[in-house]
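Colleague: Take a look at upload_35.txt, compact mmCIF, C-alpha atoms and all ligand atoms:
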# COMPACT_ATOMS: atom_id res chain seq x y z
CA MET A 1 0.00 0.00 0.00
CA ASN A 2 1.41 3.40 -0.85
CA LYS A 3 1.34 6.34 1.52
CA ALA A 4 -1.78 7.92 0.09
CA ASN A 5 -3.63 4.64 0.34
CA ILE A 6 -2.65 4.15 3.95
CA LYS A 7 -3.80 7.64 4.72
CA LEU A 8 -7.08 7.02 2.96
CA GLN A 9 -7.67 3.82 4.87
CA LEU A 10 -7.02 5.59 8.17
CA PHE A 11 -9.33 8.37 7.16
CA LEU A 12 -12.07 5.95 6.21
CA GLN A 13 -11.79 4.23 9.55
CA MET A 14 -12.50 7.37 11.50
CA ALA A 15 -15.76 7.17 13.37
CA LEU A 16 -17.86 8.64 16.12
CA VAL A 17 -19.91 6.32 18.31
CA VAL A 18 -22.55 7.88 20.53
CA ILE A 19 -23.56 5.74 23.49
CA CYS A 20 -27.05 6.60 24.66
CA GLY A 21 -29.29 5.43 27.47
CA GLN A 22 -30.98 6.14 30.76
CA PRO A 23 -28.82 6.74 33.84
CA CYS A 24 -27.47 3.42 35.20
CA SER A 25 -28.34 1.45 32.07
CA GLY A 26 -24.87 -0.05 31.54
CA LYS A 27 -23.50 2.57 29.15
CA SER A 28 -19.95 2.63 30.52
CA ILE A 29 -19.71 -1.16 30.47
CA ALA A 30 -21.04 -1.15 26.92
CA ALA A 31 -18.51 1.52 25.91
CA ALA A 32 -15.61 -0.42 27.42
CA CYS A 33 -16.83 -3.66 25.86
CA LEU A 34 -17.15 -2.06 22.42
CA ALA A 35 -13.71 -0.47 22.73
CA GLU A 36 -12.16 -3.82 23.57
CA ALA A 37 -13.95 -5.58 20.73
CA LEU A 38 -12.82 -2.89 18.29
CA GLN A 39 -9.21 -3.14 19.39
CA GLU A 40 -9.30 -6.84 18.62
CA ALA A 41 -10.52 -6.19 15.09
CA GLU A 42 -8.17 -7.01 12.25
CA SER A 43 -7.53 -3.38 11.34
CA LYS A 44 -6.48 -2.53 14.94
CA PRO A 45 -8.03 0.94 15.06
CA SER A 46 -7.04 3.26 17.87
CA VAL A 47 -10.06 3.78 20.08
CA ARG A 48 -10.71 6.47 22.64
CA ILE A 49 -13.53 6.74 25.15
CA ILE A 50 -14.61 10.22 26.13
CA ASN A 51 -16.63 10.08 29.35
CA GLU A 52 -17.57 12.28 32.26
CA SER A 53 -15.10 10.75 34.66
CA SER A 54 -12.16 11.64 32.37
CA PHE A 55 -12.98 15.24 33.31
CA HIS A 56 -13.38 14.37 37.00
CA LEU A 57 -16.97 15.44 36.85
CA ASN A 58 -19.19 14.42 39.71
CA ARG A 59 -22.59 13.05 38.65
CA ASN A 60 -24.65 14.99 41.15
CA GLN A 61 -22.90 18.26 40.41
CA SER A 62 -22.93 17.86 36.62
CA TYR A 63 -26.69 17.33 36.55
CA ALA A 64 -27.65 19.59 39.48
CA ASP A 65 -29.22 22.25 37.26
CA MET A 66 -29.53 23.32 33.62
CA PRO A 67 -26.42 25.53 33.47
CA SER A 68 -24.25 22.71 34.90
CA GLU A 69 -25.77 20.20 32.53
CA LYS A 70 -25.24 22.49 29.56
CA ASN A 71 -21.69 23.04 30.66
CA LEU A 72 -21.11 19.28 30.84
CA ARG A 73 -22.50 18.79 27.34
CA GLY A 74 -20.34 21.65 26.09
CA VAL A 75 -17.19 20.16 27.58
CA LEU A 76 -17.86 16.75 26.05
CA ARG A 77 -18.77 18.25 22.69
CA SER A 78 -15.56 20.29 22.42
CA GLU A 79 -13.52 17.25 23.36
CA VAL A 80 -15.24 15.24 20.63
CA ASP A 81 -14.63 18.04 18.17
CA ARG A 82 -10.93 18.18 19.04
CA SER A 83 -10.44 14.43 19.06
CA LEU A 84 -12.22 13.50 15.84
CA SER A 85 -9.24 14.38 13.70
CA ARG A 86 -6.67 12.79 16.00
CA ASP A 87 -8.02 9.38 16.92
CA ASN A 88 -9.59 6.76 14.71
CA ILE A 89 -12.66 5.87 16.66
CA ILE A 90 -14.19 8.06 19.36
CA ILE A 91 -16.78 6.66 21.73
CA VAL A 92 -18.77 9.27 23.67
CA ASP A 93 -19.97 7.63 26.85
CA SER A 94 -22.55 9.89 28.48
CA LEU A 95 -26.36 9.97 28.70
CA ASN A 96 -26.60 11.69 25.31
CA SER A 97 -30.30 11.63 26.00
CA ILE A 98 -31.28 14.92 24.35
CA LYS A 99 -32.20 14.59 20.70
CA GLY A 100 -30.85 18.04 19.81
CA TYR A 101 -27.54 17.16 21.40
CA ARG A 102 -27.16 13.93 19.43
CA TYR A 103 -27.89 16.03 16.37
CA GLU A 104 -25.02 18.36 17.28
CA LEU A 105 -22.65 15.40 17.71
CA TRP A 106 -23.80 14.05 14.36
CA CYS A 107 -22.96 17.44 12.81
CA LEU A 108 -19.42 17.18 14.20
CA ALA A 109 -19.00 13.73 12.63
CA ARG A 110 -20.34 15.08 9.40
CA ALA A 111 -17.98 18.07 9.43
CA ALA A 112 -15.07 15.70 10.02
CA GLY A 113 -16.27 13.32 7.30
CA THR A 114 -16.39 10.19 9.46
CA ARG A 115 -18.62 7.21 10.07
CA TYR A 116 -21.20 7.55 12.80
CA CYS A 117 -23.47 5.30 14.81
CA VAL A 118 -25.51 5.21 18.01
CA LEU A 119 -25.39 2.38 20.53
CA HIS A 120 -28.47 2.40 22.74
CA CYS A 121 -28.56 0.63 26.12
CA ASP A 122 -32.27 -0.08 26.40
CA VAL A 123 -33.14 -0.83 30.02
CA GLU A 124 -36.56 -0.43 31.67
CA GLU A 125 -36.74 2.37 34.22
CA PRO A 126 -37.30 0.12 37.30
CA ASN A 127 -34.07 -1.73 36.55
CA CYS A 128 -32.10 1.50 36.14
CA ARG A 129 -33.54 2.67 39.45
CA LYS A 130 -32.54 -0.58 41.10
CA TRP A 131 -29.01 -0.33 39.68
CA ASN A 132 -28.65 3.22 40.98
CA GLN A 133 -29.68 1.95 44.42
CA GLU A 134 -27.21 -0.91 44.26
CA ARG A 135 -24.40 1.44 43.36
CA ARG A 136 -25.14 3.57 46.36
CA GLU A 137 -24.99 0.49 48.59
CA LYS A 138 -21.64 -0.48 47.08
CA VAL A 139 -20.43 3.11 47.53
CA GLU A 140 -19.95 3.48 43.78
CA PRO A 141 -20.80 6.78 42.06
CA ALA A 142 -24.59 6.98 42.12
CA TYR A 143 -27.13 9.69 41.28
CA ASP A 144 -29.15 11.61 43.78
CA ASP A 145 -32.78 10.35 43.58
CA ASN A 146 -34.25 13.66 42.43
CA ILE A 147 -31.63 14.06 39.73
CA PHE A 148 -32.14 10.47 38.66
CA GLU A 149 -35.91 10.87 38.27
CA ASP A 150 -35.50 14.13 36.39
CA LEU A 151 -33.03 12.55 33.94
CA VAL A 152 -35.30 9.53 33.40
CA ARG A 153 -38.25 11.82 32.66
CA ARG A 154 -36.35 13.91 30.14
CA PHE A 155 -34.86 11.00 28.22
CA GLU A 156 -35.49 11.23 24.48
CA ARG A 157 -35.29 7.74 23.00
CA PRO A 158 -33.19 7.41 19.87
CA ASP A 159 -35.16 6.66 16.73
CA SER A 160 -33.35 5.13 13.76
CA LYS A 161 -35.55 7.20 11.44
CA ASN A 162 -33.48 10.25 12.45
CA ARG A 163 -30.22 10.57 10.57
CA TRP A 164 -28.47 11.47 13.81
CA ASP A 165 -29.71 8.23 15.44
CA SER A 166 -28.72 6.04 12.55
CA PRO A 167 -27.47 3.38 12.25
CA LEU A 168 -28.83 2.45 15.66
CA PHE A 169 -27.54 -0.61 17.49
CA GLU A 170 -29.72 -1.77 20.38
CA LEU A 171 -28.43 -3.51 23.49
CA TRP A 172 -30.70 -4.96 26.20
CA PRO A 173 -28.35 -5.19 29.20
CA SER A 174 -31.01 -6.22 31.75
CA LYS A 175 -32.13 -9.18 29.61
CA ASP A 176 -28.97 -10.32 27.83
CA GLY A 177 -26.11 -8.71 29.73
CA ILE A 178 -23.33 -6.97 27.81
CA GLU A 179 -20.80 -9.21 26.08
CA LYS A 180 -18.40 -8.80 23.23
CA SER A 181 -20.59 -11.42 21.57
CA SER A 182 -23.80 -9.37 22.01
CA ALA A 183 -25.39 -8.84 18.61
CA ALA A 184 -25.33 -5.04 18.94
CA ILE A 185 -21.60 -5.01 19.77
CA VAL A 186 -20.73 -7.42 16.96
CA ASP A 187 -22.83 -5.45 14.47
CA ALA A 188 -21.31 -2.13 15.57
CA VAL A 189 -17.76 -3.50 15.22
CA THR A 190 -18.57 -4.81 11.76
CA TYR A 191 -20.05 -1.49 10.74
CA LEU A 192 -17.18 0.56 12.13
CA THR A 193 -14.30 -1.50 10.78
CA LYS A 194 -15.65 -2.62 7.43
CA LYS A 195 -13.47 -1.56 4.53
CA VAL A 196 -15.36 0.69 2.23
CA ASP A 197 -14.96 1.61 -1.40
CA SER A 198 -17.10 3.44 -3.89
CA LYS A 199 -19.40 0.43 -4.27
CA THR A 200 -20.12 -0.03 -0.57
CA LYS A 201 -23.77 0.68 0.08
CA ASP A 202 -24.34 -0.36 3.68
CA VAL A 203 -21.74 1.86 5.37
CA ARG A 204 -22.27 5.59 5.36
CA VAL A 205 -19.26 7.86 5.59
CA LEU A 206 -20.70 11.27 6.30
CA GLN A 207 -19.61 13.86 3.78
CA PRO A 208 -18.62 17.36 4.79
CA THR A 209 -18.99 18.72 1.29
CA ILE A 210 -21.77 18.41 -1.18
CA ALA A 211 -21.64 16.91 -4.59
CA THR A 212 -23.59 18.92 -7.07
CA GLN A 213 -23.19 22.45 -8.25
CA SER A 214 -26.85 23.36 -7.91
CA ALA A 215 -26.90 22.19 -4.31
CA ARG A 216 -23.92 24.44 -3.69
CA VAL A 217 -25.72 27.45 -5.07
CA THR A 218 -28.74 26.73 -2.90
CA GLU A 219 -26.50 26.34 0.08
CA ALA A 220 -24.72 29.62 -0.63
CA ASN A 221 -28.08 31.38 -0.85
CA SER A 222 -29.27 29.92 2.38
CA LEU A 223 -25.99 30.75 4.13
CA TYR A 224 -26.30 34.33 2.97
CA GLU A 225 -29.89 34.41 4.17
CA MET A 226 -28.82 32.90 7.47
CA ASP A 227 -26.04 35.42 7.90
CA ARG A 228 -28.32 38.38 7.42
CA ALA A 229 -31.22 37.02 9.46
CA THR A 230 -29.07 36.15 12.47
CA LEU A 231 -27.31 39.52 12.36
CA GLU A 232 -30.70 41.21 12.41
CA VAL A 233 -31.82 39.16 15.42
CA MET A 234 -28.57 39.94 17.20
CA ASN A 235 -29.05 43.67 16.65
CA MET A 236 -32.63 43.48 17.91
CA ILE A 237 -31.44 41.78 21.08
CA VAL A 238 -28.72 44.33 21.69
CA GLU A 239 -31.31 47.08 21.26
CA ALA A 240 -33.87 45.41 23.52
CA GLN A 241 -31.22 44.88 26.12
CA SER A 242 -30.17 48.49 26.13
CA ARG A 243 -33.85 49.43 26.56
CA ALA A 244 -33.94 47.02 29.54
CA MET A 245 -30.87 48.80 30.94
CA GLY A 246 -28.69 45.77 30.30
CA GLY A 247 -30.84 43.38 32.30
CA PRO A 248 -32.10 39.94 31.26
CA LEU A 249 -34.88 39.79 28.65
CA ASN A 250 -38.08 38.08 29.64
CA GLY A 251 -40.69 37.51 26.98
CA VAL A 252 -39.45 40.43 24.88
CA SER A 253 -41.00 40.36 21.42
CA LEU A 254 -38.58 40.64 18.51
CA GLY A 255 -41.24 41.41 15.94
CA PRO A 256 -44.40 40.03 14.40
CA GLY A 257 -44.32 36.27 13.77
CA LEU A 258 -41.19 35.76 15.84
CA PRO A 259 -40.97 33.88 19.14
CA SER A 260 -40.15 36.12 22.07
CA ILE A 261 -36.73 36.00 23.64
CA ASP A 262 -36.11 34.86 27.22
CA THR A 263 -32.70 35.15 28.75
CA SER A 264 -32.03 34.24 32.35
CA ARG A 265 -29.17 36.75 32.53
CA PRO A 266 -27.75 39.65 30.54
CA VAL A 267 -25.70 38.63 27.49
CA GLY A 268 -22.83 40.59 26.08
CA LEU A 269 -22.04 41.16 22.43
CA PRO A 270 -19.04 38.77 22.39
CA GLU A 271 -21.22 35.93 23.65
CA LEU A 272 -23.95 36.73 21.14
CA ARG A 273 -21.37 36.76 18.34
CA ARG A 274 -20.03 33.41 19.46
CA LEU A 275 -23.51 31.87 19.65
CA ARG A 276 -24.30 33.23 16.21
CA ARG A 277 -21.14 31.68 14.74
CA THR A 278 -21.94 28.31 16.32
CA PHE A 279 -25.52 28.46 15.11
CA ILE A 280 -24.45 29.23 11.55
CA LYS A 281 -21.91 26.42 11.67
CA LEU A 282 -24.49 23.94 12.94
CA THR A 283 -27.15 24.85 10.43
CA GLY A 284 -24.65 25.09 7.58
CA GLN A 285 -23.59 21.53 8.17
CA SER A 286 -27.13 20.28 8.06
CA SER A 287 -27.87 21.44 4.56
CA LEU A 288 -28.02 18.08 2.79
CA SER A 289 -29.11 15.76 5.55
CA GLY A 290 -30.84 16.34 8.82
CA PRO A 291 -33.45 19.01 9.36
CA PRO A 292 -33.88 21.14 6.25
CA PRO A 293 -32.13 24.50 6.26
CA PRO A 294 -34.47 27.43 6.71
CA SER A 295 -35.79 28.45 3.34
CA ASP A 296 -36.53 32.07 4.12
CA ALA A 297 -35.37 34.85 6.39
CA ASP A 298 -38.27 34.51 8.81
CA SER A 299 -37.73 30.85 9.54
CA ALA A 300 -33.99 31.50 9.91
CA LYS A 301 -34.81 34.14 12.50
CA ARG A 302 -37.24 31.85 14.31
CA MET A 303 -34.68 29.05 14.44
CA PHE A 304 -32.01 31.38 15.74
CA VAL A 305 -34.28 32.79 18.47
CA ASP A 306 -35.23 29.23 19.52
CA TYR A 307 -31.57 28.33 19.63
CA LEU A 308 -30.73 31.39 21.76
CA ASN A 309 -33.59 30.65 24.14
CA ARG A 310 -32.25 27.14 24.58
CA GLU A 311 -28.69 28.34 25.15
CA LEU A 312 -29.45 31.36 27.31
CA GLY A 313 -32.73 30.55 28.99
CA ASN A 314 -33.48 28.52 32.04
CA GLY A 315 -33.86 25.42 29.99
C1 LIG B 1 -13.71 6.67 31.38
O1 LIG B 1 -12.82 6.45 30.32
C2 LIG B 1 -11.52 6.05 30.71
C3 LIG B 1 -10.71 5.88 29.47
O2 LIG B 1 -10.79 7.02 28.66
C4 LIG B 1 -11.58 4.76 31.52
O3 LIG B 1 -10.28 4.42 31.97
C5 LIG B 1 -12.52 4.92 32.69
O4 LIG B 1 -12.67 3.68 33.35
C6 LIG B 1 -13.88 5.39 32.20
N1 LIG B 1 -14.76 5.63 33.32
C7 LIG B 1 -15.90 4.98 33.48
C8 LIG B 1 -16.73 5.33 34.65
O5 LIG B 1 -16.25 4.12 32.70
C1 LIG B 2 -25.06 11.87 44.91
O1 LIG B 2 -25.95 12.10 45.98
C2 LIG B 2 -26.44 10.92 46.64
C3 LIG B 2 -27.36 11.32 47.78
O2 LIG B 2 -28.27 12.29 47.40
C4 LIG B 2 -25.29 10.10 47.20
O3 LIG B 2 -25.78 8.91 47.76
C5 LIG B 2 -24.29 9.80 46.09
O4 LIG B 2 -23.17 9.14 46.60
C6 LIG B 2 -23.85 11.08 45.38
N1 LIG B 2 -23.02 10.72 44.26
C7 LIG B 2 -21.81 11.24 44.03
C8 LIG B 2 -21.10 10.74 42.84
O5 LIG B 2 -21.32 12.06 44.77
Kindly transcribe the structure held in the file into structure tokens.
Ligand SMILES: *[C@@H]1O[C@H](CO)[C@@H](O)[C@H](O)[C@H]1NC(C)=O
Ligand SMILES: *[C@@H]1O[C@H](CO)[C@@H](O)[C@H](O)[C@H]1NC(C)=O

Modeller:
Amino acid sequence: MNKANIKLQLFLQMALVVICGQPCSGKSIAAACLAEALQEAESKPSVRIINESSFHLNRNQSYADMPSEKNLRGVLRSEVDRSLSRDNIIIVDSLNSIKGYRYELWCLARAAGTRYCVLHCDVEEPNCRKWNQERREKVEPAYDDNIFEDLVRRFERPDSKNRWDSPLFELWPSKDGIEKSSAAIVDAVTYLTKKVDSKTKDVRVLQPTIATQSARVTEANSLYEMDRATLEVMNMIVEAQSRAMGGPLNGVSLGPGLPSIDTSRPVGLPELRRLRRTFIKLTGQSSLSGPPPPSDADSAKRMFVDYLNRELGNG
């Protein structure tokens, strides 16, 4: 194999695996099991697990309130973003229970041009509850009961019909345990290590760029639209905030047909600029797959306001 070929093979083996499941559903065991199975594969990919404990994050503190939880997701997301180009296969071991968050991770995989899949640990709530209890008795890291119930309630099940939940490999730890021989682990390893060429149909390598000229033109238009619309929203917020003497904005209308903006605290221009850049990046990457890009200025504005409310509000 010449150098370019080796490089290509490495590139094609890059992947992001999102582990998803209720608290105490066996996700970390599944992640470790998958990592081990992958390392035994013929192509010997380098595998890295990104989890909460690698950042010394305490479960109760990380999920105590919305800002902490958002911070945790942000930390994991930036680590995924940084690592995707360095390591072959990244496994994110965290709840990953919010649909919008899995979508963001999927966008990162897409921007990096890698394979992607979701491994779901499907365990009934009573079992998860029991496992949390058992951990506490064994003095292993457990969740506070209130936090546990809140997380269980907010869990958004992956659905293989969503591009960001697909392909979806399902594990049933309470019924079958978690083994390297579990069907979901075997199938995931096959999917992640399979050699691909132009004829391969069953493995999707996400593409950062788009193929046809006309799609590019459409994308350019929608990016331009997006740029203008978000700038307008940003200016309206700055104005509203100066009218509110720099305080937080609660239910302030940004114009007819637009959702109102709710911020739990004042936001400065640098933060708004940063959020706008991230938003444009996220929507730009979703132009061919995933939710459709906004087709007109108004829907771009609505999406941006919704995004800001999620990022700046109380949750
Ligand atoms: C987190 O990942 C590291 C490897 O990156 C591993 O050594 C550690 O056991 C993992 N923690 C848990 C709780 O699984
Ligand atoms: C979280 O809080 C519960 C009690 O509310 C405690 O039993 C548990 O050990 C705490 N977990 C961690 C990781 O500190």

Colleague: List the neighbours of Tyr143 (chain A) out to 7 Å using only C-alpha atoms; skip same-chain residues closer than 4 positions along the sequence, and give me the result as an MDAnalysis selection string.

Modeller: chainID A and resid 59:60 132 147:148

Colleague: With C-alpha atoms kept, could you save the residues just selected as a PDB file, in the frame of the given file?

Modeller:
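Result written to result_17.pdb:
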ATOM      1  CA  ARG A  59     -22.590  13.050  38.650  1.00  0.00           C
ATOM      2  CA  ASN A  60     -24.650  14.990  41.150  1.00  0.00           C
ATOM      3  CA  ASN A 132     -28.650   3.220  40.980  1.00  0.00           C
ATOM      4  CA  ILE A 147     -31.630  14.060  39.730  1.00  0.00           C
ATOM      5  CA  PHE A 148     -32.140  10.470  38.660  1.00  0.00           C
TER       6      PHE A 148
END

Colleague: As a list in words, please: every protein or nucleic acid residue near ligand LIG 1 (chain B) (cut-off 6 Å, counting all atoms listed in the file).

Modeller: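 Protein and nucleic-acid residues within 6 Å of ligand LIG 1 (chain B): Ser28, Ile49, Ile50, Asn51, Ser53 and Ser54 of chain A.
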
Colleague: Residues of chain A within 9 Å of ligand LIG 2 (chain B): nearest atom pair and distance (Å, one decimal) for each, counting all atoms listed in the file, sorted by chain and number, as a tab-separated table?

Modeller:
residue	atom	partner	partner_atom	distance
A:Leu57	CA	B:LIG2	C8	8.7
A:Asn58	CA	B:LIG2	C8	5.2
A:Arg59	CA	B:LIG2	C8	5.0
A:Asn60	CA	B:LIG2	C1	4.9
A:Gln61	CA	B:LIG2	O5	7.7
A:Gln133	CA	B:LIG2	O3	8.6
A:Arg135	CA	B:LIG2	O4	8.4
A:Arg136	CA	B:LIG2	O3	5.6
A:Glu137	CA	B:LIG2	O3	8.5
A:Val139	CA	B:LIG2	O4	6.7
A:Glu140	CA	B:LIG2	O4	7.1
A:Pro141	CA	B:LIG2	C8	4.0
A:Ala142	CA	B:LIG2	N1	4.6
A:Tyr143	CA	B:LIG2	C1	4.7
A:Asp144	CA	B:LIG2	O2	3.8
A:Asp145	CA	B:LIG2	O2	6.2
A:Asn146	CA	B:LIG2	O2	7.9
A:Ile147	CA	B:LIG2	O2	8.6

Colleague: Which residues come within 9 Å of region 242-259 of chain A, counting only C-alpha atoms, excluding same-chain residues fewer than 4 positions away, as number ranges by chain?

Modeller: A: 233, 236-238, 263-268, 298-299, 301-302, 305-306

Colleague: Closest to Gly113 (chain A) among A:Ala15, A:Ala37, A:Ala188, A:Leu272, using all atoms listed in the file?

Modeller: A:Ala15

Colleague: Skipping near chain neighbours, those fewer than 5 positions away, what residues fall within 6 Å of region 17-23 of chain A using all atoms listed in the file, listed as a PDB file with C-alpha atoms, keeping the file's coordinate frame?

Modeller:
ATOM      1  CA  ILE A  91     -16.780   6.660  21.730  1.00  0.00           C
ATOM      2  CA  VAL A  92     -18.770   9.270  23.670  1.00  0.00           C
ATOM      3  CA  ASP A  93     -19.970   7.630  26.850  1.00  0.00           C
ATOM      4  CA  LEU A  95     -26.360   9.970  28.700  1.00  0.00           C
ATOM      5  CA  ASN A  96     -26.600  11.690  25.310  1.00  0.00           C
ATOM      6  CA  TYR A 116     -21.200   7.550  12.800  1.00  0.00           C
ATOM      7  CA  CYS A 117     -23.470   5.300  14.810  1.00  0.00           C
ATOM      8  CA  VAL A 118     -25.510   5.210  18.010  1.00  0.00           C
ATOM      9  CA  LEU A 119     -25.390   2.380  20.530  1.00  0.00           C
ATOM     10  CA  HIS A 120     -28.470   2.400  22.740  1.00  0.00           C
ATOM     11  CA  CYS A 121     -28.560   0.630  26.120  1.00  0.00           C
TER      12      CYS A 121
END

Colleague: Could you tell me, as a VMD selection string, which residues have any atom at most 10 Å from (-16.9, -0.8, 26.7), counting all atoms listed in the file?

Modeller: chain A and resid 19 26 to 38 49 91 93 178 to 180 185

Colleague: Give me a file of those residues, with C-alpha atoms, as a CSV table (one decimal), in the frame of the given file.

Modeller:
chain,number,residue,atom,x,y,z
A,19,ILE,CA,-23.6,5.7,23.5
A,26,GLY,CA,-24.9,0.0,31.5
A,27,LYS,CA,-23.5,2.6,29.2
A,28,SER,CA,-20.0,2.6,30.5
A,29,ILE,CA,-19.7,-1.2,30.5
A,30,ALA,CA,-21.0,-1.2,26.9
A,31,ALA,CA,-18.5,1.5,25.9
A,32,ALA,CA,-15.6,-0.4,27.4
A,33,CYS,CA,-16.8,-3.7,25.9
A,34,LEU,CA,-17.2,-2.1,22.4
A,35,ALA,CA,-13.7,-0.5,22.7
A,36,GLU,CA,-12.2,-3.8,23.6
A,37,ALA,CA,-14.0,-5.6,20.7
A,38,LEU,CA,-12.8,-2.9,18.3
A,49,ILE,CA,-13.5,6.7,25.2
A,91,ILE,CA,-16.8,6.7,21.7
A,93,ASP,CA,-20.0,7.6,26.8
A,178,ILE,CA,-23.3,-7.0,27.8
A,179,GLU,CA,-20.8,-9.2,26.1
A,180,LYS,CA,-18.4,-8.8,23.2
A,185,ILE,CA,-21.6,-5.0,19.8

Colleague: Take CA of Arg157 (chain A) and CA of Arg310 (chain A) and report the distance between them in Å, one decimal.

Modeller: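 A separation of 19.7 Å between them.
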